[in-house]
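structure.pdb follows (PDB, C-alpha atoms):
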```pdb
ATOM      1  CA  MET A   3      49.992   1.146 -52.321
ATOM      2  CA  ALA A   4      50.528  -0.361 -55.749
ATOM      3  CA  ASP A   5      46.776  -0.322 -56.362
ATOM      4  CA  THR A   6      46.612   3.377 -55.408
ATOM      5  CA  LEU A   7      49.483   4.259 -57.740
ATOM      6  CA  ARG A   8      47.846   2.336 -60.575
ATOM      7  CA  HIS A   9      44.563   4.086 -59.849
ATOM      8  CA  ARG A  10      46.210   7.535 -59.967
ATOM      9  CA  ALA A  11      48.181   6.656 -63.113
ATOM     10  CA  ARG A  12      44.970   5.673 -64.896
ATOM     11  CA  LEU A  13      43.256   8.854 -63.757
ATOM     12  CA  TRP A  14      46.062  11.182 -64.866
ATOM     13  CA  THR A  15      46.679   9.370 -68.139
ATOM     14  CA  SER A  16      42.997   9.481 -69.055
ATOM     15  CA  ALA A  17      42.704  13.125 -67.993
ATOM     16  CA  LEU A  18      45.771  14.146 -70.020
ATOM     17  CA  VAL A  19      44.515  12.356 -73.130
ATOM     18  CA  VAL A  20      41.047  13.911 -72.854
ATOM     19  CA  GLY A  21      42.557  17.327 -72.168
ATOM     20  CA  ALA A  22      44.920  17.092 -75.146
ATOM     21  CA  LEU A  23      42.106  16.056 -77.484
ATOM     22  CA  LEU A  24      39.822  18.846 -76.254
ATOM     23  CA  ALA A  25      42.619  21.402 -76.641
ATOM     24  CA  ALA A  26      43.252  20.176 -80.198
ATOM     25  CA  VAL A  27      39.627  20.397 -81.309
ATOM     26  CA  VAL A  28      39.265  23.879 -79.773
ATOM     27  CA  LEU A  29      42.567  25.486 -80.799
ATOM     28  CA  VAL A  30      43.407  23.928 -84.165
ATOM     29  CA  PRO A  31      40.291  25.228 -85.999
ATOM     30  CA  LEU A  32      41.054  28.709 -84.652
ATOM     31  CA  LEU A  33      44.638  28.585 -85.933
ATOM     32  CA  VAL A  34      44.327  26.558 -89.153
ATOM     33  CA  PRO A  35      41.120  26.887 -91.212
ATOM     34  CA  LEU A  36      39.994  23.908 -93.268
ATOM     35  CA  ASP A  37      38.602  24.122 -96.792
ATOM     36  CA  GLU A  38      36.276  21.125 -97.084
ATOM     37  CA  GLN A  39      36.226  21.359-100.899
ATOM     38  CA  ALA A  40      39.998  21.731-101.440
ATOM     39  CA  VAL A  41      41.623  19.238-103.820
ATOM     40  CA  ASP A  42      45.340  18.810-104.627
ATOM     41  CA  LEU A  43      45.876  15.627-106.621
ATOM     42  CA  SER A  44      49.645  16.249-106.775
ATOM     43  CA  ARG A  45      49.785  15.346-103.059
ATOM     44  CA  ARG A  46      47.369  12.412-103.290
ATOM     45  CA  LEU A  47      47.870   9.554-100.785
ATOM     46  CA  ARG A  48      51.248  10.606 -99.482
ATOM     47  CA  PRO A  49      52.419   8.484 -96.513
ATOM     48  CA  PRO A  50      53.047  10.038 -93.082
ATOM     49  CA  SER A  51      55.969  12.501 -93.052
ATOM     50  CA  TRP A  52      57.179  15.560 -91.141
ATOM     51  CA  GLN A  53      55.114  17.780 -93.431
ATOM     52  CA  HIS A  54      52.000  15.596 -93.104
ATOM     53  CA  PRO A  55      52.262  13.546 -89.871
ATOM     54  CA  PHE A  56      49.115  11.541 -90.709
ATOM     55  CA  GLY A  57      49.737  11.563 -94.483
ATOM     56  CA  THR A  58      47.239  12.802 -97.062
ATOM     57  CA  ASP A  59      43.930  11.387 -98.276
ATOM     58  CA  ASP A  60      42.806  10.315-101.733
ATOM     59  CA  VAL A  61      42.427  13.910-102.967
ATOM     60  CA  GLY A  62      45.576  15.349-101.376
ATOM     61  CA  ARG A  63      44.148  16.885 -98.188
ATOM     62  CA  ASP A  64      46.152  16.816 -94.957
ATOM     63  CA  LEU A  65      44.794  13.921 -92.930
ATOM     64  CA  LEU A  66      45.864  15.255 -89.520
ATOM     65  CA  LEU A  67      43.876  18.435 -90.010
ATOM     66  CA  ARG A  68      40.848  16.543 -91.266
ATOM     67  CA  CYS A  69      41.066  14.111 -88.337
ATOM     68  CA  VAL A  70      41.061  17.006 -85.852
ATOM     69  CA  TYR A  71      38.063  18.596 -87.568
ATOM     70  CA  GLY A  72      36.388  15.198 -87.754
ATOM     71  CA  LEU A  73      36.945  14.583 -84.051
ATOM     72  CA  ARG A  74      35.509  18.042 -83.361
ATOM     73  CA  ILE A  75      32.277  17.221 -85.189
ATOM     74  CA  SER A  76      32.067  13.745 -83.663
ATOM     75  CA  LEU A  77      32.600  15.135 -80.152
ATOM     76  CA  LEU A  78      29.927  17.778 -80.746
ATOM     77  CA  VAL A  79      27.461  15.105 -81.807
ATOM     78  CA  GLY A  80      28.464  12.800 -78.954
ATOM     79  CA  VAL A  81      28.319  15.391 -76.161
ATOM     80  CA  VAL A  82      25.062  17.054 -77.227
ATOM     81  CA  ALA A  83      23.349  13.727 -77.923
ATOM     82  CA  ALA A  84      24.541  12.323 -74.582
ATOM     83  CA  LEU A  85      23.241  15.367 -72.687
ATOM     84  CA  VAL A  86      19.847  15.225 -74.410
ATOM     85  CA  ALA A  87      19.565  11.471 -73.872
ATOM     86  CA  THR A  88      20.545  11.835 -70.203
ATOM     87  CA  VAL A  89      17.957  14.551 -69.588
ATOM     88  CA  VAL A  90      15.224  12.467 -71.236
ATOM     89  CA  GLY A  91      16.265   9.261 -69.483
ATOM     90  CA  THR A  92      16.536  10.956 -66.089
ATOM     91  CA  ALA A  93      13.105  12.554 -66.457
ATOM     92  CA  VAL A  94      11.473   9.287 -67.526
ATOM     93  CA  GLY A  95      13.211   7.185 -64.857
ATOM     94  CA  THR A  96      12.460   9.648 -62.058
ATOM     95  CA  ALA A  97       8.813  10.042 -63.077
ATOM     96  CA  ALA A  98       8.323   6.276 -63.348
ATOM     97  CA  ALA A  99       9.763   5.494 -59.921
ATOM     98  CA  ALA A 100       8.404   8.538 -58.071
ATOM     99  CA  LEU A 101       4.844   8.312 -59.369
ATOM    100  CA  GLY A 102       4.604   4.520 -59.479
ATOM    101  CA  GLY A 103       1.396   2.687 -60.361
ATOM    102  CA  TRP A 104       0.118   2.903 -63.906
ATOM    103  CA  THR A 105       2.567   5.706 -64.740
ATOM    104  CA  ASP A 106       5.503   3.436 -63.898
ATOM    105  CA  ARG A 107       4.061   0.552 -65.920
ATOM    106  CA  LEU A 108       3.288   2.778 -68.921
ATOM    107  CA  LEU A 109       6.723   4.415 -69.018
ATOM    108  CA  MET A 110       8.584   1.124 -68.572
ATOM    109  CA  ARG A 111       6.560  -0.493 -71.369
ATOM    110  CA  LEU A 112       7.558   2.494 -73.519
ATOM    111  CA  VAL A 113      11.192   1.841 -72.637
ATOM    112  CA  ASP A 114      10.781  -1.847 -73.494
ATOM    113  CA  ALA A 115       9.179  -0.959 -76.828
ATOM    114  CA  PHE A 116      12.113   1.271 -77.801
ATOM    115  CA  ALA A 117      14.614  -1.292 -76.532
ATOM    116  CA  SER A 118      13.074  -4.041 -78.673
ATOM    117  CA  VAL A 119      14.319  -2.269 -81.813
ATOM    118  CA  PRO A 120      18.110  -2.356 -82.443
ATOM    119  CA  HIS A 121      19.741   1.035 -81.853
ATOM    120  CA  LEU A 122      21.353   1.241 -85.255
ATOM    121  CA  LEU A 123      18.188   0.259 -87.102
ATOM    122  CA  LEU A 124      16.134   2.853 -85.234
ATOM    123  CA  GLY A 125      18.861   5.455 -85.818
ATOM    124  CA  ILE A 126      18.845   4.741 -89.557
ATOM    125  CA  PHE A 127      15.070   5.165 -89.619
ATOM    126  CA  VAL A 128      15.307   8.551 -87.874
ATOM    127  CA  VAL A 129      18.091  10.050 -90.030
ATOM    128  CA  ALA A 130      16.465   8.769 -93.211
ATOM    129  CA  MET A 131      13.576  11.191 -92.631
ATOM    130  CA  PHE A 132      15.874  14.241 -92.816
ATOM    131  CA  ARG A 133      18.583  15.626 -95.032
ATOM    132  CA  PRO A 134      22.145  14.687 -94.018
ATOM    133  CA  GLY A 135      23.406  17.021 -91.326
ATOM    134  CA  VAL A 136      24.587  17.357 -87.741
ATOM    135  CA  TRP A 137      21.215  17.851 -86.040
ATOM    136  CA  PRO A 138      19.438  14.833 -87.553
ATOM    137  CA  VAL A 139      22.329  12.677 -86.306
ATOM    138  CA  ILE A 140      22.118  14.238 -82.831
ATOM    139  CA  VAL A 141      18.356  13.603 -82.706
ATOM    140  CA  SER A 142      18.877  10.038 -83.921
ATOM    141  CA  VAL A 143      21.532   9.246 -81.327
ATOM    142  CA  ALA A 144      19.650  10.947 -78.488
ATOM    143  CA  LEU A 145      16.404   9.096 -79.236
ATOM    144  CA  THR A 146      18.154   5.720 -79.183
ATOM    145  CA  HIS A 147      20.363   6.151 -76.109
ATOM    146  CA  TRP A 148      18.133   7.335 -73.264
ATOM    147  CA  LEU A 149      16.810   3.872 -72.387
ATOM    148  CA  SER A 150      19.672   2.646 -70.202
ATOM    149  CA  THR A 151      19.722   5.954 -68.300
ATOM    150  CA  ALA A 152      15.985   5.678 -67.622
ATOM    151  CA  ARG A 153      16.422   2.172 -66.178
ATOM    152  CA  ILE A 154      19.429   3.166 -64.047
ATOM    153  CA  VAL A 155      17.686   6.257 -62.680
ATOM    154  CA  ARG A 156      14.464   4.359 -61.976
ATOM    155  CA  SER A 157      16.379   1.706 -60.027
ATOM    156  CA  GLU A 158      18.234   4.367 -58.028
ATOM    157  CA  VAL A 159      15.032   6.302 -57.264
ATOM    158  CA  LEU A 160      13.304   3.134 -56.070
ATOM    159  CA  SER A 161      16.215   2.635 -53.704
ATOM    160  CA  LEU A 162      16.017   6.230 -52.460
ATOM    161  CA  ARG A 163      12.283   5.994 -51.843
ATOM    162  CA  SER A 164      12.943   3.696 -48.884
ATOM    163  CA  ARG A 165      15.228   6.211 -47.135
ATOM    164  CA  PRO A 166      13.976   7.697 -43.823
ATOM    165  CA  TYR A 167      14.156  11.322 -44.980
ATOM    166  CA  VAL A 168      11.847  10.522 -47.921
ATOM    167  CA  ASP A 169       9.361   8.844 -45.557
ATOM    168  CA  ALA A 170       9.553  11.897 -43.314
ATOM    169  CA  ALA A 171       8.824  14.238 -46.225
ATOM    170  CA  ILE A 172       5.831  12.165 -47.302
ATOM    171  CA  SER A 173       4.543  11.990 -43.710
ATOM    172  CA  GLY A 174       4.894  15.758 -43.495
ATOM    173  CA  GLY A 175       2.458  16.185 -46.377
ATOM    174  CA  ALA A 176       4.873  16.834 -49.246
ATOM    175  CA  SER A 177       3.419  16.122 -52.677
ATOM    176  CA  ARG A 178       4.902  13.498 -54.983
ATOM    177  CA  TRP A 179       6.203  16.225 -57.263
ATOM    178  CA  ARG A 180       7.975  17.995 -54.383
ATOM    179  CA  VAL A 181       9.468  14.733 -53.112
ATOM    180  CA  ALA A 182      10.709  13.870 -56.587
ATOM    181  CA  VAL A 183      12.269  17.291 -57.260
ATOM    182  CA  ARG A 184      13.640  18.109 -53.779
ATOM    183  CA  HIS A 185      14.679  14.684 -52.479
ATOM    184  CA  LEU A 186      14.870  12.040 -55.202
ATOM    185  CA  LEU A 187      16.263  13.887 -58.219
ATOM    186  CA  PRO A 188      19.371  15.305 -56.430
ATOM    187  CA  GLY A 189      20.206  11.797 -55.255
ATOM    188  CA  VAL A 190      20.345  10.382 -58.771
ATOM    189  CA  LEU A 191      22.257  13.220 -60.440
ATOM    190  CA  PRO A 192      25.700  11.631 -59.816
ATOM    191  CA  GLN A 193      24.567   8.385 -61.444
ATOM    192  CA  ALA A 194      22.967  10.302 -64.306
ATOM    193  CA  GLY A 195      26.174  12.291 -64.807
ATOM    194  CA  LEU A 196      28.206   9.078 -64.948
ATOM    195  CA  ALA A 197      25.763   7.657 -67.484
ATOM    196  CA  ALA A 198      26.163  10.798 -69.611
ATOM    197  CA  VAL A 199      29.964  10.516 -69.578
ATOM    198  CA  LEU A 200      29.835   6.859 -70.570
ATOM    199  CA  MET A 201      27.341   7.676 -73.299
ATOM    200  CA  VAL A 202      29.634  10.150 -75.091
ATOM    201  CA  PRO A 203      31.967   7.566 -76.709
ATOM    202  CA  HIS A 204      28.974   5.340 -77.476
ATOM    203  CA  ALA A 205      27.302   8.245 -79.254
ATOM    204  CA  ILE A 206      30.519   8.991 -81.191
ATOM    205  CA  TRP A 207      30.659   5.401 -82.418
ATOM    206  CA  HIS A 208      26.990   5.548 -83.335
ATOM    207  CA  GLU A 209      27.517   8.721 -85.372
ATOM    208  CA  SER A 210      30.529   7.137 -87.052
ATOM    209  CA  ALA A 211      28.490   4.067 -87.970
ATOM    210  CA  LEU A 212      25.744   6.205 -89.524
ATOM    211  CA  SER A 213      28.272   8.302 -91.456
ATOM    212  CA  PHE A 214      30.098   5.156 -92.579
ATOM    213  CA  LEU A 215      26.815   3.897 -94.015
ATOM    214  CA  GLY A 216      26.333   7.220 -95.830
ATOM    215  CA  LEU A 217      23.358   8.251 -93.676
ATOM    216  CA  GLY A 218      24.966  10.686 -91.255
ATOM    217  CA  LEU A 219      26.833  13.839 -92.160
ATOM    218  CA  PRO A 220      27.351  15.011 -95.773
ATOM    219  CA  SER A 221      30.187  13.099 -97.423
ATOM    220  CA  HIS A 222      32.352  16.214 -97.906
ATOM    221  CA  GLN A 223      32.169  17.167 -94.220
ATOM    222  CA  ALA A 224      34.990  15.882 -92.040
ATOM    223  CA  SER A 225      33.841  13.422 -89.379
ATOM    224  CA  LEU A 226      35.509  10.269 -88.164
ATOM    225  CA  GLY A 227      32.856   8.079 -89.781
ATOM    226  CA  ASN A 228      33.181   9.874 -93.128
ATOM    227  CA  LEU A 229      36.985   9.618 -92.995
ATOM    228  CA  VAL A 230      36.874   5.873 -92.413
ATOM    229  CA  GLN A 231      34.230   5.426 -95.092
ATOM    230  CA  SER A 232      36.218   7.381 -97.712
ATOM    231  CA  ALA A 233      39.381   5.394 -96.905
ATOM    232  CA  ARG A 234      37.963   1.963 -97.792
ATOM    233  CA  SER A 235      39.262   1.935-101.354
ATOM    234  CA  SER A 236      42.662   3.234-100.210
ATOM    235  CA  LEU A 237      42.958   0.417 -97.681
ATOM    236  CA  LEU A 238      42.290  -2.195-100.360
ATOM    237  CA  ALA A 239      45.084  -0.619-102.412
ATOM    238  CA  GLY A 240      47.540  -0.979 -99.509
ATOM    239  CA  ASP A 241      47.417   2.600 -98.197
ATOM    240  CA  TRP A 242      46.857   2.026 -94.483
ATOM    241  CA  TRP A 243      47.136   5.533 -92.991
ATOM    242  CA  PRO A 244      43.770   6.976 -94.165
ATOM    243  CA  THR A 245      42.047   4.230 -92.154
ATOM    244  CA  LEU A 246      44.423   3.843 -89.211
ATOM    245  CA  PHE A 247      44.486   7.387 -87.846
ATOM    246  CA  PRO A 248      40.711   8.108 -87.899
ATOM    247  CA  GLY A 249      40.249   4.676 -86.317
ATOM    248  CA  LEU A 250      42.713   5.540 -83.551
ATOM    249  CA  LEU A 251      40.826   8.754 -82.856
ATOM    250  CA  LEU A 252      37.746   6.624 -82.298
ATOM    251  CA  VAL A 253      39.486   4.152 -79.976
ATOM    252  CA  VAL A 254      41.729   6.476 -77.922
ATOM    253  CA  PRO A 255      38.959   8.847 -76.674
ATOM    254  CA  THR A 256      36.808   5.829 -75.845
ATOM    255  CA  LEU A 257      39.536   4.326 -73.653
ATOM    256  CA  ALA A 258      40.315   7.686 -72.040
ATOM    257  CA  VAL A 259      36.678   8.418 -71.191
ATOM    258  CA  ALA A 260      36.255   4.858 -69.911
ATOM    259  CA  GLY A 261      39.236   5.422 -67.599
ATOM    260  CA  LEU A 262      37.745   8.626 -66.190
ATOM    261  CA  ALA A 263      34.327   7.008 -65.828
ATOM    262  CA  GLY A 264      35.886   4.064 -63.979
ATOM    263  CA  VAL A 265      37.423   6.431 -61.426
ATOM    264  CA  TRP A 266      34.102   8.258 -61.087
ATOM    265  CA  ARG A 267      32.256   4.974 -60.557
ATOM    266  CA  GLU A 268      34.669   3.905 -57.837
ATOM    267  CA  ARG A 269      34.220   7.218 -56.037
ATOM    268  CA  LEU A 270      30.444   6.896 -56.192
ATOM    269  CA  ASN A 271      30.638   3.413 -54.705
ATOM    270  CA  PRO A 272      33.881   3.026 -52.721
ATOM    271  CA  ARG A 273      32.519  -0.009 -50.883
ATOM    272  CA  ARG A 274      32.302  -1.942 -54.140
ATOM    273  CA  ARG A 275      35.903  -0.994 -54.933
ATOM    274  CA  SER A 276      37.106  -2.277 -51.528
ATOM    275  CA  GLU A 277      35.224  -5.547 -52.038
ATOM    276  CA  LEU A 278      36.802  -6.015 -55.458
ATOM    277  CA  THR A 279      40.329  -5.523 -54.075
ATOM    278  CA  LEU A 280      39.960  -8.095 -51.293
TER     279      LEU A 280
END
```
I need this file expressed as structure tokens, please.
Amino acid sequence: MADTLRHRARLWTSALVVGALLAAVVLVPLLVPLDEQAVDLSRRLRPPSWQHPFGTDDVGRDLLLRCVYGLRISLLVGVVAALVATVVGTAVGTAAAALGGWTDRLLMRLVDAFASVPHLLLGIFVVAMFRPGVWPVIVSVALTHWLSTARIVRSEVLSLRSRPYVDAAISGGASRWRVAVRHLLPGVLPQAGLAAVLMVPHAIWHESALSFLGLGLPSHQASLGNLVQSARSSLLAGDWWPTLFPGLLLVVPTLAVAGLAGVWRERLNPRRRSELTL
């Protein structure tokens, strides 16, 4: 009973946090426009107050508003990059396991080749070829995050290939393409969806790292990485709020999404959950 209550509390807490953040990034820009170039040095580095709950930054801009806009951009990058990476990884993993033979070996060696290069280093190489902007960051994150999905999907498809209904389809004369699309791919979609959800916070952190290094979004554009990067000098001067609040908006969504993904994982594999609670 206690375990069930804890399970439900984690689910509802994570869902409420994710829902509140999504509502903020959708509604706030519609109600309060942000001027990226606005400067008001008379309000520079004011601590949190009723007028400015998150304080102001080093040029007098409201930090709460910039954090919401920054989270909006970071979520856009994270969600789109995660979806692209999941589609690529699912296609590669399904093709490798369904076709087998030299196709499987070739695709897995491609995965190993990409995996041998650190994600951040490969991401820096990709964004360095383009001007700073949202789409180069999305391409960079997507190209460096499909590898784990490909391995997960390949493992799941190899497991599905031994099921009786797949053997029956093959015995009935179905082609490999038909077996992959009609029987194997639907079986791995739940795992691929879970991988996509887990990839969103990872992609947000990756975008923040690139922006922190000055290689992601333009410096004037609000994103969580840019906000943390611009607050470095303020932190050294003892002004903690320009760093704390963007950092919290990186950590809180990560924990909330991890909570939802944990519930999803337990529902996909309830037997594992029962074994863990014994």
Any chance you could resolve the PyMOL selection byres ((chain A and resi 100) around 10) against this file and give the residues as a list in words? Val94, Gly95, Thr96, Ala97, Ala98, Ala99, Leu101, Gly102, Gly103, Thr105, Asp106, Arg156, Val159, Leu160, Leu162, Arg163, Arg178, Trp179, Val181, Ala182, Val183, Leu186 and Leu187 of chain A
Going by the chain IDs and residue numbers used in this file, which residues fall under the PyMOL selection byres ((chain A and resi 146) around 10)? Write them as JSON, numbers by chain. {"A": [83, 87, 116, 117, 119, 120, 121, 122, 123, 124, 125, 128, 141, 142, 143, 144, 145, 147, 148, 149, 150, 205, 208]}
Would you pick out the contacts of segment 62-77 of chain A at 8 Å or less, using only C-alpha atoms, so that residues sharing its chain but fewer than 3 positions from it are not included, and give the list as number ranges by chain? A: 26-28, 30-31, 36, 40-48, 54-59, 80-81, 202, 206, 209-210, 223-226, 229, 244, 247-248, 251
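For the set A:Ala194, A:Leu237, A:Val230, A:Val199, the residue with the smallest atom-to-atom gap to Ala258 of chain A is A:Val199, counting all atoms listed in the file.
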Padding of 5 Å on every side, edges along x, y and z, all listed atoms of segment 142-145 of chain A included: what centre and edge lengths in Å, to one decimal, does that box have, as AutoDock Vina command-line options?
```
--center_x 19.0 --center_y 10.0 --center_z -81.2 --size_x 15.1 --size_y 11.9 --size_z 15.4
```
Given the file shown, enumerate the residues that the PyMOL selection byres ((chain A and resi 15-19) around 8) captures and present them as a list of chain:residue names.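 That expression, the PyMOL selection byres ((chain A and resi 15-19) around 8), corresponds here to A:Ala11, A:Arg12, A:Leu13, A:Trp14, A:Val20, A:Gly21, A:Ala22, A:Leu23, A:Pro255, A:Leu257, A:Ala258, A:Val259, A:Gly261, A:Leu262.
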Write the residues of the preceding selection, restricted to C-alpha atoms, as a PDB file, in the frame of the given file.
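In the end it all went to part.pdb:
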```pdb
ATOM      1  CA  ALA A  11      48.181   6.656 -63.113  1.00  0.00           C
ATOM      2  CA  ARG A  12      44.970   5.673 -64.896  1.00  0.00           C
ATOM      3  CA  LEU A  13      43.256   8.854 -63.757  1.00  0.00           C
ATOM      4  CA  TRP A  14      46.062  11.182 -64.866  1.00  0.00           C
ATOM      5  CA  VAL A  20      41.047  13.911 -72.854  1.00  0.00           C
ATOM      6  CA  GLY A  21      42.557  17.327 -72.168  1.00  0.00           C
ATOM      7  CA  ALA A  22      44.920  17.092 -75.146  1.00  0.00           C
ATOM      8  CA  LEU A  23      42.106  16.056 -77.484  1.00  0.00           C
ATOM      9  CA  PRO A 255      38.959   8.847 -76.674  1.00  0.00           C
ATOM     10  CA  LEU A 257      39.536   4.326 -73.653  1.00  0.00           C
ATOM     11  CA  ALA A 258      40.315   7.686 -72.040  1.00  0.00           C
ATOM     12  CA  VAL A 259      36.678   8.418 -71.191  1.00  0.00           C
ATOM     13  CA  GLY A 261      39.236   5.422 -67.599  1.00  0.00           C
ATOM     14  CA  LEU A 262      37.745   8.626 -66.190  1.00  0.00           C
TER      15      LEU A 262
END
```
When you look at Gln193 of chain A with a cut-off of 8 Å (counting all atoms listed in the file), what residues show up, excluding the ones that are within fewer than 4 positions of it in the same chain? I need them as a PyMOL selection string. chain A and resi 154-155+197
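Those DNA, RNA and protein residues that approach the point (25.3, 13.0, -66.9) to within 10 Å, considering all atoms listed in the file, are Ala84, Leu85, Val86, Ala87, Thr88, Val89, Thr92, Thr151, Val190, Leu191, Pro192, Gln193, Ala194, Gly195, Leu196, Ala197, Ala198, Val199, Leu200, Met201 and Val202 of chain A.
As for atom CA of Val254 of chain A and atom CA of Trp207 of chain A, they are spaced 12.0 Å apart.
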Counting all atoms listed in the file, figure out which residue out of A:Pro220, A:Gly175, A:Pro188, A:Gly249 gets nearest to Trp137 of chain A.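 Going through A:Pro220, A:Gly175, A:Pro188, A:Gly249 one by one, the smallest distance to Trp137 of chain A is for A:Pro220.
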